[in-house]
>>> print(open('work17.pdb').read())   # PDB, C-alpha atoms
ATOM      1  CA  MET A   7     -21.283 -33.450 -16.178  1.00  0.00           C
ATOM      2  CA  THR A   8     -20.967 -30.446 -13.883  1.00  0.00           C
ATOM      3  CA  GLU A   9     -21.410 -27.073 -15.552  1.00  0.00           C
ATOM      4  CA  ILE A  10     -18.427 -24.763 -15.064  1.00  0.00           C
ATOM      5  CA  ILE A  11     -19.319 -21.107 -14.449  1.00  0.00           C
ATOM      6  CA  ALA A  12     -16.864 -18.344 -15.351  1.00  0.00           C
ATOM      7  CA  HIS A  13     -18.429 -15.512 -13.353  1.00  0.00           C
ATOM      8  CA  PRO A  14     -20.963 -15.582 -10.511  1.00  0.00           C
ATOM      9  CA  GLU A  15     -24.076 -13.459 -11.022  1.00  0.00           C
ATOM     10  CA  LYS A  16     -25.835 -11.097  -8.608  1.00  0.00           C
ATOM     11  CA  ASN A  17     -28.301 -13.726  -7.281  1.00  0.00           C
ATOM     12  CA  ASP A  18     -25.704 -16.485  -6.814  1.00  0.00           C
ATOM     13  CA  VAL A  19     -24.657 -17.571  -3.335  1.00  0.00           C
ATOM     14  CA  LEU A  20     -20.932 -18.217  -3.054  1.00  0.00           C
ATOM     15  CA  CYS A  21     -19.824 -21.054  -0.790  1.00  0.00           C
ATOM     16  CA  GLY A  22     -16.514 -20.559   0.923  1.00  0.00           C
ATOM     17  CA  ARG A  23     -14.747 -18.252   3.316  1.00  0.00           C
ATOM     18  CA  GLY A  24     -13.460 -14.739   3.217  1.00  0.00           C
ATOM     19  CA  GLY A  25     -14.453 -11.178   2.526  1.00  0.00           C
ATOM     20  CA  ALA A  26     -15.083 -11.605  -1.197  1.00  0.00           C
ATOM     21  CA  THR A  27     -17.614 -14.337  -0.495  1.00  0.00           C
ATOM     22  CA  ASN A  28     -19.268 -12.508   2.400  1.00  0.00           C
ATOM     23  CA  ASN A  29     -19.530  -9.226   0.518  1.00  0.00           C
ATOM     24  CA  HIS A  30     -20.924 -10.684  -2.714  1.00  0.00           C
ATOM     25  CA  ILE A  31     -24.380  -9.171  -3.375  1.00  0.00           C
ATOM     26  CA  GLY A  32     -25.976 -12.628  -3.691  1.00  0.00           C
ATOM     27  CA  ASN A  33     -24.619 -13.655  -0.282  1.00  0.00           C
ATOM     28  CA  ARG A  34     -25.907 -10.461   1.320  1.00  0.00           C
ATOM     29  CA  ARG A  35     -29.372 -11.087  -0.146  1.00  0.00           C
ATOM     30  CA  TYR A  36     -29.155 -14.718   0.964  1.00  0.00           C
ATOM     31  CA  ARG A  37     -28.319 -13.681   4.549  1.00  0.00           C
ATOM     32  CA  GLU A  38     -31.389 -11.400   4.535  1.00  0.00           C
ATOM     33  CA  ILE A  39     -33.603 -14.301   3.440  1.00  0.00           C
ATOM     34  CA  VAL A  40     -32.062 -16.536   6.106  1.00  0.00           C
ATOM     35  CA  SER A  41     -32.529 -13.834   8.740  1.00  0.00           C
ATOM     36  CA  ASP A  42     -36.202 -13.501   7.778  1.00  0.00           C
ATOM     37  CA  HIS A  43     -36.672 -17.237   8.481  1.00  0.00           C
ATOM     38  CA  GLN A  44     -34.493 -17.657  11.607  1.00  0.00           C
ATOM     39  CA  THR A  45     -37.234 -17.004  14.149  1.00  0.00           C
ATOM     40  CA  GLU A  46     -39.483 -19.549  12.437  1.00  0.00           C
ATOM     41  CA  TYR A  47     -36.548 -22.008  12.406  1.00  0.00           C
ATOM     42  CA  LEU A  48     -35.826 -21.367  16.080  1.00  0.00           C
ATOM     43  CA  HIS A  49     -39.350 -22.333  17.077  1.00  0.00           C
ATOM     44  CA  ALA A  50     -39.860 -25.118  14.526  1.00  0.00           C
ATOM     45  CA  LYS A  51     -39.931 -28.766  15.460  1.00  0.00           C
ATOM     46  CA  LYS A  52     -36.989 -30.826  14.242  1.00  0.00           C
ATOM     47  CA  ARG A  53     -39.035 -32.463  11.484  1.00  0.00           C
ATOM     48  CA  ASP A  54     -39.970 -29.034  10.059  1.00  0.00           C
ATOM     49  CA  LYS A  55     -36.478 -27.500   9.998  1.00  0.00           C
ATOM     50  CA  GLN A  56     -35.395 -29.215   6.766  1.00  0.00           C
ATOM     51  CA  SER A  57     -38.447 -27.877   4.941  1.00  0.00           C
ATOM     52  CA  ILE A  58     -37.519 -24.330   6.023  1.00  0.00           C
ATOM     53  CA  ALA A  59     -34.002 -24.804   4.607  1.00  0.00           C
ATOM     54  CA  ARG A  60     -35.485 -26.314   1.433  1.00  0.00           C
ATOM     55  CA  ARG A  61     -37.830 -23.328   1.086  1.00  0.00           C
ATOM     56  CA  ILE A  62     -34.916 -20.857   1.318  1.00  0.00           C
ATOM     57  CA  VAL A  63     -32.933 -22.778  -1.317  1.00  0.00           C
ATOM     58  CA  GLY A  64     -36.056 -22.654  -3.487  1.00  0.00           C
ATOM     59  CA  ILE A  65     -36.359 -18.888  -3.031  1.00  0.00           C
ATOM     60  CA  VAL A  66     -32.737 -18.366  -4.115  1.00  0.00           C
ATOM     61  CA  ARG A  67     -33.123 -20.670  -7.116  1.00  0.00           C
ATOM     62  CA  SER A  68     -36.465 -19.118  -8.141  1.00  0.00           C
ATOM     63  CA  ARG A  69     -34.654 -15.781  -8.455  1.00  0.00           C
ATOM     64  CA  GLY A  70     -32.108 -17.316 -10.799  1.00  0.00           C
ATOM     65  CA  GLY A  71     -29.525 -17.882  -8.064  1.00  0.00           C
ATOM     66  CA  ARG A  72     -27.172 -20.815  -7.741  1.00  0.00           C
ATOM     67  CA  PHE A  73     -25.049 -22.099  -4.864  1.00  0.00           C
ATOM     68  CA  LEU A  74     -21.516 -21.924  -6.231  1.00  0.00           C
ATOM     69  CA  LYS A  75     -18.123 -23.137  -5.079  1.00  0.00           C
ATOM     70  CA  LYS A  76     -14.752 -22.370  -6.661  1.00  0.00           C
ATOM     71  CA  THR A  77     -13.113 -25.181  -8.599  1.00  0.00           C
ATOM     72  CA  ASP A  78      -9.886 -26.614  -7.192  1.00  0.00           C
ATOM     73  CA  ASP A  79      -7.943 -26.135 -10.438  1.00  0.00           C
ATOM     74  CA  GLY A  80      -6.903 -22.530  -9.662  1.00  0.00           C
ATOM     75  CA  THR A  81      -8.720 -21.066 -12.698  1.00  0.00           C
ATOM     76  CA  GLY A  82     -11.118 -18.988 -10.597  1.00  0.00           C
ATOM     77  CA  ARG A  83     -14.116 -20.712 -12.122  1.00  0.00           C
ATOM     78  CA  TRP A  84     -17.139 -21.976 -10.223  1.00  0.00           C
ATOM     79  CA  PHE A  85     -19.586 -24.902 -10.126  1.00  0.00           C
ATOM     80  CA  ASP A  86     -23.045 -25.431  -8.613  1.00  0.00           C
ATOM     81  CA  VAL A  87     -22.797 -27.544  -5.442  1.00  0.00           C
ATOM     82  CA  GLY A  88     -26.252 -29.098  -5.878  1.00  0.00           C
ATOM     83  CA  GLU A  89     -29.348 -29.354  -3.713  1.00  0.00           C
ATOM     84  CA  LYS A  90     -27.935 -31.348  -0.797  1.00  0.00           C
ATOM     85  CA  LYS A  91     -24.949 -29.042  -0.200  1.00  0.00           C
ATOM     86  CA  ALA A  92     -27.185 -25.975  -0.669  1.00  0.00           C
ATOM     87  CA  ARG A  93     -29.588 -27.289   2.020  1.00  0.00           C
ATOM     88  CA  GLU A  94     -26.661 -28.089   4.350  1.00  0.00           C
ATOM     89  CA  LYS A  95     -25.245 -24.571   3.904  1.00  0.00           C
ATOM     90  CA  THR A  96     -28.688 -23.090   4.524  1.00  0.00           C
ATOM     91  CA  SER A  97     -29.297 -25.199   7.650  1.00  0.00           C
ATOM     92  CA  GLN A  98     -25.936 -24.052   9.002  1.00  0.00           C
ATOM     93  CA  ALA A  99     -26.747 -20.422   8.195  1.00  0.00           C
ATOM     94  CA  LEU A 100     -30.097 -20.770   9.989  1.00  0.00           C
ATOM     95  CA  ARG A 101     -28.328 -22.121  13.097  1.00  0.00           C
ATOM     96  CA  GLU A 102     -25.703 -19.351  13.159  1.00  0.00           C
ATOM     97  CA  GLY A 103     -26.623 -16.649  15.628  1.00  0.00           C
ATOM     98  CA  LEU A 104     -29.579 -18.638  16.970  1.00  0.00           C
ATOM     99  CA  GLU A 105     -28.306 -18.425  20.556  1.00  0.00           C
ATOM    100  CA  ALA A 106     -28.553 -14.624  20.407  1.00  0.00           C
ATOM    101  CA  ARG A 107     -31.999 -14.842  18.791  1.00  0.00           C
ATOM    102  CA  ARG A 108     -33.125 -17.391  21.400  1.00  0.00           C
ATOM    103  CA  ASP A 109     -32.024 -15.039  24.205  1.00  0.00           C
ATOM    104  CA  GLU A 110     -33.792 -12.129  22.478  1.00  0.00           C
ATOM    105  CA  ALA A 111     -36.964 -14.187  22.030  1.00  0.00           C
ATOM    106  CA  GLU A 112     -36.995 -15.097  25.719  1.00  0.00           C
ATOM    107  CA  LEU A 113     -36.605 -11.445  26.694  1.00  0.00           C
ATOM    108  CA  THR A 114     -39.277 -10.134  24.334  1.00  0.00           C
ATOM    109  CA  GLY A 115     -41.819 -12.905  24.625  1.00  0.00           C
ATOM    110  CA  GLY A 116     -40.680 -14.534  21.356  1.00  0.00           C
ATOM    111  CA  ALA A 117     -42.719 -17.113  19.516  1.00  0.00           C
ATOM    112  CA  GLN A 118     -46.334 -17.991  19.946  1.00  0.00           C
ATOM    113  CA  ASN A 119     -46.016 -21.488  21.341  1.00  0.00           C
ATOM    114  CA  ASP A 120     -43.812 -24.482  21.949  1.00  0.00           C
ATOM    115  CA  ALA A 121     -44.513 -28.192  22.203  1.00  0.00           C
ATOM    116  CA  GLU A 122     -46.414 -27.591  25.450  1.00  0.00           C
ATOM    117  CA  GLY A 123     -48.423 -24.720  23.982  1.00  0.00           C
ATOM    118  CA  GLU A 124     -46.928 -22.127  26.317  1.00  0.00           C
ATOM    119  CA  VAL A 125     -47.288 -18.649  24.894  1.00  0.00           C
ATOM    120  CA  GLY A 126     -44.103 -16.668  24.303  1.00  0.00           C
ATOM    121  CA  GLN A 127     -41.578 -19.401  25.051  1.00  0.00           C
ATOM    122  CA  PRO A 128     -39.331 -21.201  22.569  1.00  0.00           C
ATOM    123  CA  ALA A 129     -39.483 -24.994  22.421  1.00  0.00           C
ATOM    124  CA  LYS A 130     -37.369 -26.674  25.077  1.00  0.00           C
ATOM    125  CA  LYS A 131     -35.495 -29.909  24.635  1.00  0.00           C
ATOM    126  CA  ARG A 132     -36.560 -32.678  26.964  1.00  0.00           C
ATOM    127  CA  ARG A 133     -33.962 -34.782  28.734  1.00  0.00           C
ATOM    128  CA  ARG A 134     -34.562 -38.496  28.400  1.00  0.00           C
ATOM    129  CA  THR A 135     -34.466 -40.689  31.463  1.00  0.00           C
ATOM    130  CA  ASN A 136     -34.771 -44.423  31.949  1.00  0.00           C
ATOM    131  CA  GLY A 137     -38.501 -44.509  32.514  1.00  0.00           C
ATOM    132  CA  GLN A 138     -38.314 -42.059  35.409  1.00  0.00           C
ATOM    133  CA  ALA A 139     -39.876 -38.628  35.568  1.00  0.00           C
ATOM    134  CA  ASN A 140     -37.521 -35.701  35.099  1.00  0.00           C
ATOM    135  CA  SER A 141     -37.007 -33.932  38.389  1.00  0.00           C
ATOM    136  CA  SER A 142     -34.895 -30.959  39.269  1.00  0.00           C
ATOM    137  CA  PRO A 143     -32.456 -31.670  42.088  1.00  0.00           C
ATOM    138  CA  HIS A 144     -33.314 -28.383  43.847  1.00  0.00           C
ATOM    139  CA  LEU A 145     -36.959 -29.450  44.167  1.00  0.00           C
ATOM    140  CA  VAL A 146     -36.271 -32.677  46.005  1.00  0.00           C
ATOM    141  CA  SER A 147     -35.024 -32.337  49.550  1.00  0.00           C
ATOM    142  CA  GLN A 148     -31.874 -34.083  50.705  1.00  0.00           C
ATOM    143  CA  LEU A 149     -33.989 -36.705  52.442  1.00  0.00           C
ATOM    144  CA  GLY A 150     -35.700 -37.569  49.167  1.00  0.00           C
ATOM    145  CA  ALA A 151     -39.119 -36.416  50.338  1.00  0.00           C
ATOM    146  CA  VAL A 152     -41.692 -35.133  47.896  1.00  0.00           C
ATOM    147  CA  PRO A 153     -41.649 -31.318  47.829  1.00  0.00           C
ATOM    148  CA  SER A 154     -44.605 -29.554  49.374  1.00  0.00           C
ATOM    149  CA  VAL A 155     -46.715 -26.816  47.807  1.00  0.00           C
ATOM    150  CA  GLU A 156     -44.681 -24.197  49.688  1.00  0.00           C
ATOM    151  CA  ASP A 157     -41.573 -25.283  47.737  1.00  0.00           C
ATOM    152  CA  PHE A 158     -43.068 -23.888  44.536  1.00  0.00           C
ATOM    153  CA  SER A 159     -43.752 -20.322  43.560  1.00  0.00           C
ATOM    154  CA  LEU A 160     -46.083 -19.173  40.829  1.00  0.00           C
ATOM    155  CA  PRO A 161     -45.369 -16.092  38.762  1.00  0.00           C
ATOM    156  CA  SER A 162     -47.524 -13.123  39.588  1.00  0.00           C
ATOM    157  CA  LEU A 163     -49.969 -12.126  36.868  1.00  0.00           C
ATOM    158  CA  SER A 164     -50.947  -8.655  35.867  1.00  0.00           C
ATOM    159  CA  GLU A 165     -54.649  -7.886  36.035  1.00  0.00           C
ATOM    160  CA  GLU A 166     -54.871  -8.111  32.239  1.00  0.00           C
ATOM    161  CA  ASP A 167     -53.081 -11.488  32.158  1.00  0.00           C
ATOM    162  CA  TYR A 168     -55.352 -12.772  34.924  1.00  0.00           C
ATOM    163  CA  GLU A 169     -58.453 -11.748  32.963  1.00  0.00           C
ATOM    164  CA  ILE A 170     -57.135 -13.497  29.860  1.00  0.00           C
ATOM    165  CA  ALA A 171     -56.335 -16.654  31.840  1.00  0.00           C
ATOM    166  CA  GLN A 172     -59.744 -16.534  33.486  1.00  0.00           C
ATOM    167  CA  PHE A 173     -61.404 -16.172  30.080  1.00  0.00           C
ATOM    168  CA  LEU A 174     -59.426 -19.094  28.656  1.00  0.00           C
ATOM    169  CA  PHE A 175     -59.872 -21.545  31.518  1.00  0.00           C
ATOM    170  CA  GLU A 176     -63.185 -20.760  33.185  1.00  0.00           C
ATOM    171  CA  PRO A 177     -66.366 -21.713  31.362  1.00  0.00           C
ATOM    172  CA  PRO A 178     -68.951 -18.956  30.966  1.00  0.00           C
ATOM    173  CA  PRO A 179     -71.931 -19.053  33.300  1.00  0.00           C
ATOM    174  CA  PRO A 180     -74.929 -20.869  31.851  1.00  0.00           C
ATOM    175  CA  SER A 181     -77.464 -18.723  30.045  1.00  0.00           C
ATOM    176  CA  ALA A 182     -81.234 -18.926  30.424  1.00  0.00           C
ATOM    177  CA  GLU A 183     -81.290 -20.735  27.091  1.00  0.00           C
ATOM    178  CA  ASP A 184     -78.861 -23.373  28.431  1.00  0.00           C
ATOM    179  CA  ALA A 185     -81.079 -23.897  31.473  1.00  0.00           C
ATOM    180  CA  THR A 186     -84.094 -24.808  29.302  1.00  0.00           C
ATOM    181  CA  ASP A 187     -82.048 -27.516  27.582  1.00  0.00           C
ATOM    182  CA  VAL A 188     -81.311 -29.309  30.884  1.00  0.00           C
ATOM    183  CA  VAL A 189     -83.511 -32.334  31.444  1.00  0.00           C
ATOM    184  CA  ALA A 190     -84.428 -33.347  34.991  1.00  0.00           C
ATOM    185  CA  VAL A 191     -83.033 -36.718  35.992  1.00  0.00           C
TER     186      VAL A 191
END
>>> encode(input="work17.pdb", output="structure tokens")
Amino acid sequence: MTEIIAHPEKNDVLCGRGGATNNHIGNRRYREIVSDHQTEYLHAKKRDKQSIARRIVGIVRSRGGRFLKKTDDGTGRWFDVGEKKAREKTSQALREGLEARRDEAELTGGAQNDAEGEVGQPAKKRRRTNGQANSSPHLVSQLGAVPSVEDFSLPSLSEEDYEIAQFLFEPPPPSAEDATDVVAV
């Protein structure tokens, strides 16, 4: 049997529309929690997004909060919507405003890495093809020839970025100690 609640408390999250719902103290706190997790959600892989929503629901519930919806009987009473609806509401809240956050992340360097391990770029969705490599139409000439090296441009690196890249991708020169470990063939 569903418990009927006469009055929402300060940690409850009210489901529904309108100013009263939006301005409820529990909803304001909830939006802060969601906001704190949106960047993580933006850069998370699909399989990890549900666990982020589940974690937020857990935070609300651990503080004594419930996810409440008004009953349809016109009495002004409330009931807890349950875990599934709470996760759905939270997933939706995490998605809201993500386009603006995604644009901001791209401008400021954003997250640490995506599926390719590129620093500062959010994960990009890959378009599926029927066994063919994805190719951008502007890279292939009208004759269908393979583009040459001149068709590509590389971003210019600052001196600091170049030194970091050099450090990451070039092995250090061998030391005298390394040279004694080499066996003549």
>>> atom_distance(input="work17.pdb", atom1="atom CA of Lys52 of chain A", atom2="atom CA of Arg101 of chain A")
12.3 Å
>>> atom_distance(input="work17.pdb", atom1="atom CA of Cys21 of chain A", atom2="atom CA of Lys75 of chain A")
5.1 Å
>>> closest_residue(input="work17.pdb", among="A:Val19, A:Leu100, A:Ile11, A:Ile31", to="Arg67 of chain A", atoms="only C-alpha atoms")
A:Val19
>>> closest_residue(input="work17.pdb", among="A:Asp18, A:Asp79, A:Asp54, A:Glu46", to="Asn33 of chain A", atoms="only C-alpha atoms")
A:Asp18
>>> residues_near_point(input="work17.pdb", point="(-21.5, -30.8, -10.9)", cutoff="8 Å", atoms="only C-alpha atoms", output="ChimeraX atom specification")
/A:7-10,85-88
>>> resolve_selection(input="work17.pdb", expression="the PyMOL selection byres ((chain A and resi 35-41) around 12)", output="ChimeraX atom specification")
/A:16-21,27-34,42-48,58-67,69,71-73,92-93,95-104,107
>>> atom_distance(input="work17.pdb", atom1="atom CA of Ser57 of chain A", atom2="atom CA of Pro14 of chain A")
26.4 Å
>>> closest_residue(input="work17.pdb", among="A:Leu74, A:Glu15, A:Glu89, A:Glu94", to="Lys55 of chain A", atoms="all atoms listed in the file")
A:Glu94
>>> residues_around(input="work17.pdb", residues="Ala12 of chain A", least_positions_apart="6", cutoff="8 Å", atoms="all atoms listed in the file", output="PyMOL selection string")
chain A and resi 82-84
